[in-house]
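Report on the following structure.
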Amino acid sequence: MNKVFKNFEADTGKILNIVINSLYSEREIFLRELLSNASDAIQKRRYLGQMNPAVLNAGEDRIRLRVNTKKKILEIEDTGIGLSETELEETLGTLAKSGTESFLKELENAKEDKDAARSLIGKFGVGFYSAFMVAEKVEVLTKRAGTDGVYLWKSDGQSGYEIEPSSEAVETGTRIRLYLKKDAKEFSEDVRVKTIVKKYSDHISVGIDFIADDGTSEQINKGDALWTRSTKEISEEDYKSFYQSHFMAYDDPFITLHNRSEGTLEFTNLLFVPSRAPFDLYDPERKSKLSLYINRVFITNELDAVLPKWLRFVQGILDTTSLDLNVSRELVQSSPVLSKIKKAIIKRVIGELKKKLKNDTEGYDAFWAQFGRVIKEGLYEDFENRGKVAEICRVFSRKSDANITLQDYLDGFASDQKDIYYLTADTLEQAKKSPHLEGFDARGIDVLLMTDPIDSFWMSQMGQFKDHNFVSVVRDQYDLDGVGQTEDGDSTAEKADESEVLALFKANLGETIEDVKASSTLKQSPVRLVAGTTGLDFNMERILKAQNPDFEGSKKILEVNLSHELIRKLEGTGDAETKGALCRVLLEQAKIADGELPADAKQFSEDIIKIGLSSVS
């Protein structure tokens with residue numbers, strides 16, 4: 001093969017420009033990215049070597065750093081798997097189209113959040129390009145394990161790149177040489193490079209050697225697997241540094257779980273619960289970042305068999321000696337050993353979250369604001385653990401005007417209360433103003449105000465909490481008689497004639513509603529809409545309609561407050577047309593209170609005008 005020059009593809013060039021000029025606020029991060037890539041290459045060689053010993057490194061795996069301050073050159077060399085000619089072109093010259101489009105889309109979504117934007121680098125595997133933030137030219141000399149060919153890749157990060165065979169005698173692995181820009185000469189200074197390694201890459205499990213100009217060498221990172229050390233030897237700062245460097249994170253861990261299990265099932269877990277939600281938390285393709293090691297040999301970082309989807313934000317390391325080192329990645333996922341480990345880890349995570357909730361309620365509420373919606377997925381997806389998941393959930397209490405636990409709600413039951421009452425709405429403000437709450441407020445009965453779309457699903461799926469039913473206050477299947485405080489004065493309040501008023505509503509609303517009933521709960525509002533025994537509340541219907549525009553909700557029951565002054569005025573003599581208009585307006589007003597729009601805006605306007613003209617005539 002002769003020297004070949006190729007242009008960067010259009011989108012690759014676009015991403016390269018973004019990375020170089022606008023993505024990173026701290027240029028030093030480039031070294032973390034390149035060292036992480038070097039470590040990954042070594043781990044990949046170790047893994048492939050389990051199936052093909054010919055690719056294993058006979059010597060010691062190392063990462064080496066060299067600087068030439070006078071010439072402003074920085075080199076990063078590893079003993080990893082290396083790259084073939086084809087891989088050089090595919091890895092450093094182009095990006096998969098789907099990955100490119102996703103990267104640009106996510107970057108647009110994260111442009112106001114610098115930490116989120118920076119985390120995109122690791123997700124889409126374009127960390128190598130960060131080298132061009134500090135280098136005017138980059139050379140990559142590499143030899144693939146198990147092959148004889150050595151290739152040199154060159155680029156100035158502008159128009160394209162060159163690939164040519166090299167006659168240089170090198171070991172298997174990769175050497176990246178950065179010719180630093182004038183304003184980046186600091187990255188060829190010994191102290192500066194060592195400081196960056198200590199800050200970002202101290203806990204890379206491969207030793208990083210710094211080779212000085214005089215040829216002397218010293219290891220500048222700890223170079224051991226942090227999770228294999230005793231917890232007594234590890235400081236909080238050590239955990240934080242490992243979390244941020246290993247998982248490309250920019251927040252502090254909310255919880256750190258470092259445990260070792262011994263006996264018939266041996267494994268070590270080092271897990272981190274973030275304090276800040278990742279930008280792609282709700283991406284359907286997002287997977288948990290749990291890396292599997294077997295006796296310290298890296299196997300995979302796409303381990304889906306241990307953490308359920310509702311814990312997809314948890315990141316960490318799982319190292320076990322209870323699995324065969326030669327097992328394939330596919331068989332690992334279905335291993336019965338991992339099934340047992342899964343139960344233990346889920347129990348530990350829930351247990352630690354429960355402790356945090358008990359000991360630091362304020363901190364937990366900040367965490368809940370970030371991850372609560374995801375955790376609630378476990379209430380309808382994880383049948384085995386839903387009871388335990390419910391214990392760590394936060395719900396908004398109408399009476400307390402704050403988040404509480406479901407157990408707190410049970411502890412605050414009104415006299416003779418047996419059910420857990422809740423109201424779903426689009427916003428908290430809307431829920432607080434709902435007429436559905438009036439009867440509960442009057443009796444001192446607390447109602448949970450639920451504003452996440454997922455709430456309607458998990459409550460209907462779960463059904464109960466500790467043998468107490470979840471009951472929606474917008475349904476007509478509950479009876480508050482005898483529950484809570486007595487309501488003095490209700491029996492003596494002046495009321496409209498029930499039969500006359502209900503007949504009037506039925507005559508004017510016809511088939512638009514299922515039925516009209518006298519309300520036993522309304523106090524200030526004239527009417528409200530409730531679902532029938534087989535119907536759905538408005539909030540659930542809105543969710544289903546958003547997913548399927550052809551979905552038609554069920555008819556509702558209109559409840560009428562016979563004590564309300566406006567309802568009492570419907571009795572007796574009066575203009576039949578005006579009464580009909582008022583009946584229709586009250587129906588639409590009830591819909592609006594539930595977050596709906598009038599079914600017929602023109603008719604609604606005409607009815608309001610008719611009522612207005614009647615009142616001033």
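By order of appearance in the structure tokens: chains A, B, ..., then residues from 1 within every chain, and ligands from 1 in the order shown.
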From a backbone DSSP assignment, name each residue in segment 263-423 of chain A labelled strand (DSSP E or B), as an NGL selection string.
:A and (267-274 or 289-294 or 297-300 or 315-320 or 395-397 or 402-404 or 420-423)
Find the residues near Ile350 of chain A: any atom within 10 Å, counting only C-alpha atoms, skip ones fewer than 4 places away on the same chain, and give them as a PDB file with all heavy atoms, in the first residue's frame.
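Below you can see selection.pdb, which holds the result:
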ATOM      1  N   LEU A 311     -33.055   1.301  37.121  1.00  0.00           N
ATOM      2  CA  LEU A 311     -31.795   1.692  37.769  1.00  0.00           C
ATOM      3  C   LEU A 311     -30.705   1.972  36.737  1.00  0.00           C
ATOM      4  O   LEU A 311     -29.520   1.849  37.030  1.00  0.00           O
ATOM      5  CB  LEU A 311     -31.331   0.592  38.732  1.00  0.00           C
ATOM      6  CG  LEU A 311     -32.067   0.476  40.062  1.00  0.00           C
ATOM      7  CD1 LEU A 311     -31.530  -0.694  40.877  1.00  0.00           C
ATOM      8  CD2 LEU A 311     -31.967   1.769  40.869  1.00  0.00           C
ATOM      9  N   ILE A 345     -27.498  -7.163  44.327  1.00  0.00           N
ATOM     10  CA  ILE A 345     -27.157  -5.772  44.033  1.00  0.00           C
ATOM     11  C   ILE A 345     -28.388  -4.876  44.111  1.00  0.00           C
ATOM     12  O   ILE A 345     -28.331  -3.763  44.653  1.00  0.00           O
ATOM     13  CB  ILE A 345     -26.476  -5.679  42.658  1.00  0.00           C
ATOM     14  CG1 ILE A 345     -25.038  -6.218  42.768  1.00  0.00           C
ATOM     15  CG2 ILE A 345     -26.475  -4.249  42.137  1.00  0.00           C
ATOM     16  CD1 ILE A 345     -24.228  -6.122  41.505  1.00  0.00           C
ATOM     17  N   ILE A 346     -29.516  -5.322  43.562  1.00  0.00           N
ATOM     18  CA  ILE A 346     -30.738  -4.518  43.634  1.00  0.00           C
ATOM     19  C   ILE A 346     -31.109  -4.276  45.094  1.00  0.00           C
ATOM     20  O   ILE A 346     -31.494  -3.162  45.489  1.00  0.00           O
ATOM     21  CB  ILE A 346     -31.894  -5.207  42.884  1.00  0.00           C
ATOM     22  CG1 ILE A 346     -31.611  -5.240  41.381  1.00  0.00           C
ATOM     23  CG2 ILE A 346     -33.213  -4.493  43.151  1.00  0.00           C
ATOM     24  CD1 ILE A 346     -32.641  -6.007  40.576  1.00  0.00           C
ATOM     25  N   LYS A 354     -32.815   3.851  50.747  1.00  0.00           N
ATOM     26  CA  LYS A 354     -33.713   3.944  51.891  1.00  0.00           C
ATOM     27  C   LYS A 354     -33.001   4.621  53.072  1.00  0.00           C
ATOM     28  O   LYS A 354     -33.602   5.454  53.784  1.00  0.00           O
ATOM     29  CB  LYS A 354     -34.190   2.542  52.280  1.00  0.00           C
ATOM     30  CG  LYS A 354     -35.437   2.530  53.141  1.00  0.00           C
ATOM     31  CD  LYS A 354     -35.974   1.112  53.282  1.00  0.00           C
ATOM     32  CE  LYS A 354     -37.263   1.100  54.097  1.00  0.00           C
ATOM     33  NZ  LYS A 354     -37.815  -0.281  54.218  1.00  0.00           N
ATOM     34  N   LYS A 355     -31.748   4.282  53.281  1.00  0.00           N
ATOM     35  CA  LYS A 355     -30.968   4.926  54.350  1.00  0.00           C
ATOM     36  C   LYS A 355     -30.808   6.422  54.082  1.00  0.00           C
ATOM     37  O   LYS A 355     -30.939   7.251  54.980  1.00  0.00           O
ATOM     38  CB  LYS A 355     -29.578   4.277  54.451  1.00  0.00           C
ATOM     39  CG  LYS A 355     -29.553   2.906  55.058  1.00  0.00           C
ATOM     40  CD  LYS A 355     -28.113   2.391  55.105  1.00  0.00           C
ATOM     41  CE  LYS A 355     -28.049   0.949  55.573  1.00  0.00           C
ATOM     42  NZ  LYS A 355     -26.657   0.430  55.548  1.00  0.00           N
ATOM     43  N   LYS A 356     -30.532   6.749  52.830  1.00  0.00           N
ATOM     44  CA  LYS A 356     -30.348   8.154  52.467  1.00  0.00           C
ATOM     45  C   LYS A 356     -31.643   8.930  52.687  1.00  0.00           C
ATOM     46  O   LYS A 356     -31.625  10.067  53.171  1.00  0.00           O
ATOM     47  CB  LYS A 356     -29.925   8.240  51.000  1.00  0.00           C
ATOM     48  CG  LYS A 356     -29.246   9.540  50.628  1.00  0.00           C
ATOM     49  CD  LYS A 356     -27.836   9.612  51.159  1.00  0.00           C
ATOM     50  CE  LYS A 356     -27.086  10.801  50.582  1.00  0.00           C
ATOM     51  NZ  LYS A 356     -25.703  10.885  51.080  1.00  0.00           N
ATOM     52  N   ASN A 385     -39.819  -6.519  42.867  1.00  0.00           N
ATOM     53  CA  ASN A 385     -39.294  -5.537  43.823  1.00  0.00           C
ATOM     54  C   ASN A 385     -40.189  -4.320  44.021  1.00  0.00           C
ATOM     55  O   ASN A 385     -39.800  -3.393  44.730  1.00  0.00           O
ATOM     56  CB  ASN A 385     -37.918  -5.056  43.350  1.00  0.00           C
ATOM     57  CG  ASN A 385     -36.879  -6.155  43.356  1.00  0.00           C
ATOM     58  OD1 ASN A 385     -36.502  -6.667  44.400  1.00  0.00           O
ATOM     59  ND2 ASN A 385     -36.420  -6.539  42.168  1.00  0.00           N
ATOM     60  N   LYS A 388     -40.687  -2.853  47.535  1.00  0.00           N
ATOM     61  CA  LYS A 388     -39.510  -2.184  48.089  1.00  0.00           C
ATOM     62  C   LYS A 388     -39.258  -0.856  47.378  1.00  0.00           C
ATOM     63  O   LYS A 388     -38.825   0.117  48.008  1.00  0.00           O
ATOM     64  CB  LYS A 388     -38.287  -3.098  47.949  1.00  0.00           C
ATOM     65  CG  LYS A 388     -38.388  -4.386  48.761  1.00  0.00           C
ATOM     66  CD  LYS A 388     -37.201  -5.287  48.501  1.00  0.00           C
ATOM     67  CE  LYS A 388     -37.344  -6.613  49.267  1.00  0.00           C
ATOM     68  NZ  LYS A 388     -36.212  -7.543  48.954  1.00  0.00           N
ATOM     69  N   VAL A 389     -39.507  -0.834  46.069  1.00  0.00           N
ATOM     70  CA  VAL A 389     -39.342   0.413  45.321  1.00  0.00           C
ATOM     71  C   VAL A 389     -40.321   1.464  45.847  1.00  0.00           C
ATOM     72  O   VAL A 389     -39.978   2.644  45.997  1.00  0.00           O
ATOM     73  CB  VAL A 389     -39.565   0.191  43.810  1.00  0.00           C
ATOM     74  CG1 VAL A 389     -39.472   1.508  43.054  1.00  0.00           C
ATOM     75  CG2 VAL A 389     -38.541  -0.800  43.255  1.00  0.00           C
ATOM     76  N   GLU A 391     -41.306   1.943  48.738  1.00  0.00           N
ATOM     77  CA  GLU A 391     -40.856   2.487  50.023  1.00  0.00           C
ATOM     78  C   GLU A 391     -39.845   3.615  49.865  1.00  0.00           C
ATOM     79  O   GLU A 391     -39.652   4.409  50.795  1.00  0.00           O
ATOM     80  CB  GLU A 391     -40.258   1.365  50.879  1.00  0.00           C
ATOM     81  CG  GLU A 391     -41.285   0.332  51.327  1.00  0.00           C
ATOM     82  CD  GLU A 391     -40.669  -0.798  52.130  1.00  0.00           C
ATOM     83  OE1 GLU A 391     -39.416  -0.807  52.261  1.00  0.00           O
ATOM     84  OE2 GLU A 391     -41.411  -1.672  52.609  1.00  0.00           O
ATOM     85  N   ILE A 392     -39.205   3.704  48.700  1.00  0.00           N
ATOM     86  CA  ILE A 392     -38.224   4.774  48.497  1.00  0.00           C
ATOM     87  C   ILE A 392     -38.765   5.877  47.585  1.00  0.00           C
ATOM     88  O   ILE A 392     -38.026   6.767  47.181  1.00  0.00           O
ATOM     89  CB  ILE A 392     -36.900   4.227  47.914  1.00  0.00           C
ATOM     90  CG1 ILE A 392     -37.132   3.546  46.557  1.00  0.00           C
ATOM     91  CG2 ILE A 392     -36.230   3.277  48.891  1.00  0.00           C
ATOM     92  CD1 ILE A 392     -35.855   3.157  45.840  1.00  0.00           C
TER      93      ILE A 392
END
Excluding Arg584 of chain A and any residue of its chain fewer than 2 positions from it, enumerate the residues within 9 Å of it, using only C-alpha atoms, and give them as a ChimeraX atom specification.
/A:505,508-509,579-582,586-589,603-604,607
For the selection just defined, write its residues with C-alpha atoms to a file, as an mmCIF file, in the first residue's frame.
data_model
loop_
_atom_site.group_PDB
_atom_site.id
_atom_site.type_symbol
_atom_site.label_atom_id
_atom_site.label_comp_id
_atom_site.auth_asym_id
_atom_site.auth_seq_id
_atom_site.Cartn_x
_atom_site.Cartn_y
_atom_site.Cartn_z
ATOM 1 C CA PHE A 505 -78.952 18.861 32.848
ATOM 2 C CA ASN A 508 -79.701 19.807 27.683
ATOM 3 C CA LEU A 509 -76.547 17.688 27.677
ATOM 4 C CA LYS A 579 -80.803 27.584 31.302
ATOM 5 C CA GLY A 580 -79.653 25.288 28.505
ATOM 6 C CA ALA A 581 -76.696 27.569 27.804
ATOM 7 C CA LEU A 582 -75.775 27.557 31.501
ATOM 8 C CA LEU A 586 -70.991 24.365 33.394
ATOM 9 C CA LEU A 587 -70.063 21.155 31.594
ATOM 10 C CA GLU A 588 -67.264 22.906 29.695
ATOM 11 C CA GLN A 589 -66.155 24.656 32.890
ATOM 12 C CA GLN A 603 -70.807 27.146 21.013
ATOM 13 C CA PHE A 604 -69.042 27.831 24.314
ATOM 14 C CA ASP A 607 -73.471 30.324 25.440
#
Going by DSSP on the backbone, which residues of segment 124-370 of chain A come out as helix (DSSP H, G or I)? List them as a ChimeraX atom specification.
/A:124,127-133,182-188,190-200,226-228,231-233,236-246,309-311,329-333,336-359,361-370
Give me the residues near Arg475 of chain A as a list in words, where near means some atom within 6 Å (using only C-alpha atoms) and where sequence neighbours in that chain fewer than 3 positions away do not count.
Ser472, Val530 and Ala531 of chain A
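Around Glu262 of chain A, within 12 Å and counting only C-alpha atoms, the residues found are Asn259, Leu265, Glu266, Phe267, Thr268, Asn269, Thr320, Thr321, Ser322 and Ile341 of chain A, once anything fewer than 3 positions away on its own chain is removed.
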Please write the residues from the selection above to a file, keeping N, CA and C atoms, as a compact mmCIF listing (two decimals), in the first residue's frame.
# COMPACT_ATOMS: atom_id res chain seq x y z
N ASN A 259 -18.89 -3.10 48.07
CA ASN A 259 -19.13 -4.29 48.87
C ASN A 259 -18.41 -5.49 48.29
N LEU A 265 -20.98 -17.61 46.47
CA LEU A 265 -21.04 -16.63 45.39
C LEU A 265 -20.09 -15.49 45.74
N GLU A 266 -19.03 -15.37 44.96
CA GLU A 266 -18.01 -14.37 45.27
C GLU A 266 -18.03 -13.27 44.22
N PHE A 267 -18.21 -12.05 44.69
CA PHE A 267 -18.14 -10.91 43.78
C PHE A 267 -17.89 -9.63 44.58
N THR A 268 -17.36 -8.65 43.88
CA THR A 268 -17.16 -7.32 44.43
C THR A 268 -17.89 -6.32 43.56
N ASN A 269 -18.62 -5.43 44.18
CA ASN A 269 -19.27 -4.37 43.42
C ASN A 269 -18.82 -3.00 43.91
N THR A 320 -16.14 -10.60 39.53
CA THR A 320 -16.48 -11.87 40.17
C THR A 320 -15.51 -12.98 39.76
N THR A 321 -15.32 -13.91 40.64
CA THR A 321 -14.55 -15.12 40.33
C THR A 321 -15.49 -16.31 40.15
N SER A 322 -16.80 -16.06 40.22
CA SER A 322 -17.78 -17.15 40.13
C SER A 322 -18.22 -17.43 38.71
N ILE A 341 -26.48 -12.61 41.54
CA ILE A 341 -25.80 -11.34 41.83
C ILE A 341 -26.77 -10.17 41.66
